[in-house]
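Chemist: The following block contains the structure, expressed as structure tokens.
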Amino acid sequence: MSATRLPNLKLLTIFATVARCQGFSRAQQELNMTMPAISGYMSELEQRLGFVLCQRGRGGFSLTPRGEQFLQYSLQLLGTLSDFDRQVEGLKTEQGGVFSLGVVDSVSTDTRLGLAESINQFSERFPAVYLNLSVRDPNELQQKVLDNRLDLAIGHFPVNVNNLVTVPLHHEQHWLYCSDSHQLFDQPDLDALDLHDYGFVTRSYWNQAELMRRGFKASAASVESIEAQLILILSGRYIGYLPEHCARPWVEKGRLKRLSPQQFSYQASFSLIFRRGRSRETLIRTFRDLVKLRAAPTQ
């Protein structure tokens with residue numbers, strides 16, 4: 001029996017990107033290719049393998065069962081090769097290279113995290129390292145760390161993911177708020193009111209179970225970031241959750257008010273994550289230790 005010839009890495013990368021983007025058209029920009037080119041490469045890959053990887057047509061895009069399994073094999077191989085590249089780069093110099101960090105939004109006012117100070121110390125220690133900082137939602141951060149497109153990420157990650165190391169940091173307090181132009185702002189006894197009758201703004205990465213854990217069954221608007229959530233709350237048309245450190249300046253100005261704090265509040269556990277197998281890398285280990293040193297202990 002002849003051994004199966006491995007497809008080249010370009011084909012694997014294209015396939016993994018198409019699968020992550022859930023279709024050819026969405027993968028065009030990331031791959032910088034036309035749809036016919038992507039289709040041609042996918043057909044070539046399927047020809048080499050001898051089986052169909054995905055279904056595409058009017059019914060939408062979906063991986064076949066064999067395609068799902070082959071995707072896992074491909075991601076494992078691409079991840080291993082990425083680790084290999086990083087280790088080789090480390091042989092050249094431990095002081096250079098690129099360090100890609102991802103965080104959730106609105107952490108700049110979180111003094112308990114002290115991220116800006118940690119970055120300052122990290123840059124002093126590694127002045128030749130090029131730092132790439134991106135702000136993404138928790139799901140994106142986890143996926144990018146898994147794909148080795150981020151070296152490390154910080155945020156609230158309610159779902160544990162295999163192959164990610166999680167380092168607990170602290171808890172971020174969230175309260176339910178309305179603005180001074182909302183009809184609830186001047187209500188004296190908020191605990192006696194049914195706040196479910198008022199328009200609630202949720203976050204797009206919250207599923208229904210997450211929404212219900214926060215005390216609501218439905219929402220009137222959704223946002224992709226806390227910054228956008230703050231804007232909608234300040235508009236006076238919506239109520240919503242905000243981190244305490246983010247809302248504090250607006251509360252002090254008299255623009256925001258907590259709603260029923262005994263009933264509507266939660267704590268988001270903040271963690272630092274990186275891909276399993278990379279804990280010995282100098283840049284990751286150093287940044288992890290700096291953040292752990294500055295972050296307030298978990299309560």
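Ordered as shown in the structure tokens, chains take letters A, B, and onward, while each chain numbers its residues from 1 and ligands are numbered from 1 in the order shown.
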So that I can see what lies close to stretch 115-120 of chain A, please list as a list in words the residues with an atom at most 9 Å from it, counting only C-alpha atoms and leaving out residues fewer than 2 positions away in the same chain.

Modeler: Val107, Ser108, Asp110, Thr111, Arg112, Leu113, Phe122, Ser123, Glu124, Arg125, Phe287, Leu290, Val291, Leu293, Arg294 and Ala295 of chain A

Chemist: A:Phe185: which residues within 12 Å, counting only C-alpha atoms, same-chain residues fewer than 5 positions away excluded, as a PyMOL selection string?

Modeler: chain A and resi 177-180+190+233-234+236-239+251+254-260

Chemist: Please identify all polymer residues within 12 Å of A:Gly60, counting only C-alpha atoms, omitting same-chain residues fewer than 4 positions from it, and present them as a PyMOL selection string.

Modeler: chain A and resi 22-25+54-56

Chemist: With C-alpha atoms retained, could you export that selection as an mmCIF file, in the first residue's frame?

Modeler:
```cif
data_model
loop_
_atom_site.group_PDB
_atom_site.id
_atom_site.type_symbol
_atom_site.label_atom_id
_atom_site.label_comp_id
_atom_site.auth_asym_id
_atom_site.auth_seq_id
_atom_site.Cartn_x
_atom_site.Cartn_y
_atom_site.Cartn_z
ATOM 1 C CA GLN A 22 -17.162 29.607 6.814
ATOM 2 C CA GLY A 23 -16.949 30.069 3.080
ATOM 3 C CA PHE A 24 -14.966 31.134 0.051
ATOM 4 C CA SER A 25 -16.279 34.700 -0.195
ATOM 5 C CA CYS A 54 -16.907 20.740 2.096
ATOM 6 C CA GLN A 55 -20.299 21.384 0.586
ATOM 7 C CA ARG A 56 -20.941 24.771 -0.964
#
```

Chemist: Name the closest residue to A:Gln262 among the candidates A:Gly67, A:Leu176, A:Gly155, A:Thr202; distances are taken between atoms, counting only C-alpha atoms.

Modeler: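 The answer is A:Leu176, which sits nearest to A:Gln262.
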
Chemist: Can you list, as a list of chain:residue names, every protein, DNA or RNA residue that comes within 12 Å of A:Arg26 when you count only C-alpha atoms, leaving out same-chain residues fewer than 6 positions away?

Modeler: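 Counting only the stated atoms, we get A:Thr17, A:Val18, A:Ala19, A:Arg20, A:Asn32, A:Met33, A:Thr34, A:Met35, A:Ile38, A:Phe61.
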
Chemist: Keeping N, CA, C and O atoms, export the residues of the selection given above as a PDB file, in the first residue's frame.

Modeler:
```pdb
ATOM      1  N   THR A  17      -8.250  28.443   6.529  1.00  0.00           N
ATOM      2  CA  THR A  17      -8.821  29.793   6.502  1.00  0.00           C
ATOM      3  C   THR A  17     -10.252  29.776   6.004  1.00  0.00           C
ATOM      4  O   THR A  17     -11.133  30.438   6.562  1.00  0.00           O
ATOM      5  N   VAL A  18     -10.523  29.009   4.948  1.00  0.00           N
ATOM      6  CA  VAL A  18     -11.879  28.884   4.414  1.00  0.00           C
ATOM      7  C   VAL A  18     -12.811  28.304   5.473  1.00  0.00           C
ATOM      8  O   VAL A  18     -13.940  28.766   5.663  1.00  0.00           O
ATOM      9  N   ALA A  19     -12.335  27.292   6.189  1.00  0.00           N
ATOM     10  CA  ALA A  19     -13.157  26.669   7.230  1.00  0.00           C
ATOM     11  C   ALA A  19     -13.440  27.661   8.360  1.00  0.00           C
ATOM     12  O   ALA A  19     -14.565  27.736   8.867  1.00  0.00           O
ATOM     13  N   ARG A  20     -12.433  28.432   8.765  1.00  0.00           N
ATOM     14  CA  ARG A  20     -12.622  29.400   9.837  1.00  0.00           C
ATOM     15  C   ARG A  20     -13.564  30.522   9.414  1.00  0.00           C
ATOM     16  O   ARG A  20     -14.399  30.992  10.210  1.00  0.00           O
ATOM     17  N   ASN A  32      -6.321  37.230   0.438  1.00  0.00           N
ATOM     18  CA  ASN A  32      -5.943  38.108  -0.678  1.00  0.00           C
ATOM     19  C   ASN A  32      -5.974  37.328  -1.997  1.00  0.00           C
ATOM     20  O   ASN A  32      -5.051  37.401  -2.806  1.00  0.00           O
ATOM     21  N   MET A  33      -7.054  36.579  -2.200  1.00  0.00           N
ATOM     22  CA  MET A  33      -7.247  35.776  -3.413  1.00  0.00           C
ATOM     23  C   MET A  33      -8.661  35.976  -3.937  1.00  0.00           C
ATOM     24  O   MET A  33      -9.567  36.348  -3.183  1.00  0.00           O
ATOM     25  N   THR A  34      -8.845  35.711  -5.222  1.00  0.00           N
ATOM     26  CA  THR A  34     -10.184  35.737  -5.787  1.00  0.00           C
ATOM     27  C   THR A  34     -10.902  34.435  -5.463  1.00  0.00           C
ATOM     28  O   THR A  34     -10.268  33.420  -5.138  1.00  0.00           O
ATOM     29  N   MET A  35     -12.218  34.447  -5.586  1.00  0.00           N
ATOM     30  CA  MET A  35     -12.984  33.230  -5.322  1.00  0.00           C
ATOM     31  C   MET A  35     -12.625  32.093  -6.283  1.00  0.00           C
ATOM     32  O   MET A  35     -12.502  30.939  -5.862  1.00  0.00           O
ATOM     33  N   ILE A  38      -9.418  30.523  -5.008  1.00  0.00           N
ATOM     34  CA  ILE A  38      -9.648  29.720  -3.807  1.00  0.00           C
ATOM     35  C   ILE A  38     -10.323  28.404  -4.174  1.00  0.00           C
ATOM     36  O   ILE A  38      -9.952  27.335  -3.689  1.00  0.00           O
ATOM     37  N   PHE A  61     -22.382  27.056   3.231  1.00  0.00           N
ATOM     38  CA  PHE A  61     -21.105  26.340   3.336  1.00  0.00           C
ATOM     39  C   PHE A  61     -21.131  25.433   4.560  1.00  0.00           C
ATOM     40  O   PHE A  61     -21.587  25.823   5.630  1.00  0.00           O
TER      41      PHE A  61
END
```

Chemist: With only C-alpha atoms as the basis for distance, which of A:Tyr205, A:Pro261, A:Asn148, A:Gly102 is at the shortest distance from A:Asp189?

Modeler: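 Nearest to A:Asp189: A:Pro261.
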
Chemist: Pick the closest to A:Trp206 from A:Val223, A:Val135, A:Val52, A:Ala37: which is it, counting only C-alpha atoms?

Modeler: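 Looking at the shortest contact to A:Trp206, the residue is A:Val223.
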
Chemist: Pick out the closest residue to A:Arg276 from this set: A:Ala16, A:Val165, A:Leu131, A:Leu11. Count only C-alpha atoms.

Modeler: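 Using only C-alpha atoms, A:Arg276 sits closest to A:Val165.
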
Chemist: As a VMD selection string, please: every residue in stretch 21-103 of chain A that a backbone DSSP assignment puts in strand (DSSP E).

Modeler: chain A and resid 54 to 55 62 to 63 98 to 103

Chemist: Considering only C-alpha atoms, return as a list in words whatever protein or nucleic-acid residues lie within 8 Å of A:Phe200, sequence-local ones (same chain, fewer than 5 positions apart) excluded.

Modeler: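 Once the nearby chain positions are removed, what remains is Ala218, Ser219, Ala220, Ala221, Tyr238, Ile239 and Gly240 of chain A.
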
Chemist: Write out the residues from the selection above, keeping N, CA and C atoms, as a PDB file, in the first residue's frame.

Modeler:
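The resulting file, again-v1.pdb, is reproduced below:
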```pdb
ATOM      1  N   ALA A 218     -34.457  38.734  27.078  1.00  0.00           N
ATOM      2  CA  ALA A 218     -34.434  39.322  25.738  1.00  0.00           C
ATOM      3  C   ALA A 218     -33.712  40.660  25.789  1.00  0.00           C
ATOM      4  N   SER A 219     -33.295  41.131  24.623  1.00  0.00           N
ATOM      5  CA  SER A 219     -32.606  42.414  24.526  1.00  0.00           C
ATOM      6  C   SER A 219     -33.228  43.255  23.416  1.00  0.00           C
ATOM      7  N   ALA A 220     -32.991  44.554  23.485  1.00  0.00           N
ATOM      8  CA  ALA A 220     -33.517  45.473  22.477  1.00  0.00           C
ATOM      9  C   ALA A 220     -32.429  45.977  21.538  1.00  0.00           C
ATOM     10  N   ALA A 221     -31.162  45.674  21.862  1.00  0.00           N
ATOM     11  CA  ALA A 221     -30.036  46.093  21.031  1.00  0.00           C
ATOM     12  C   ALA A 221     -28.823  45.238  21.392  1.00  0.00           C
ATOM     13  N   TYR A 238     -31.461  52.938  26.467  1.00  0.00           N
ATOM     14  CA  TYR A 238     -31.189  51.564  26.879  1.00  0.00           C
ATOM     15  C   TYR A 238     -30.574  51.525  28.278  1.00  0.00           C
ATOM     16  N   ILE A 239     -30.730  50.363  28.916  1.00  0.00           N
ATOM     17  CA  ILE A 239     -29.997  50.060  30.133  1.00  0.00           C
ATOM     18  C   ILE A 239     -29.050  48.914  29.808  1.00  0.00           C
ATOM     19  N   GLY A 240     -27.964  48.778  30.572  1.00  0.00           N
ATOM     20  CA  GLY A 240     -27.012  47.709  30.271  1.00  0.00           C
ATOM     21  C   GLY A 240     -25.906  47.629  31.310  1.00  0.00           C
TER      22      GLY A 240
END
```
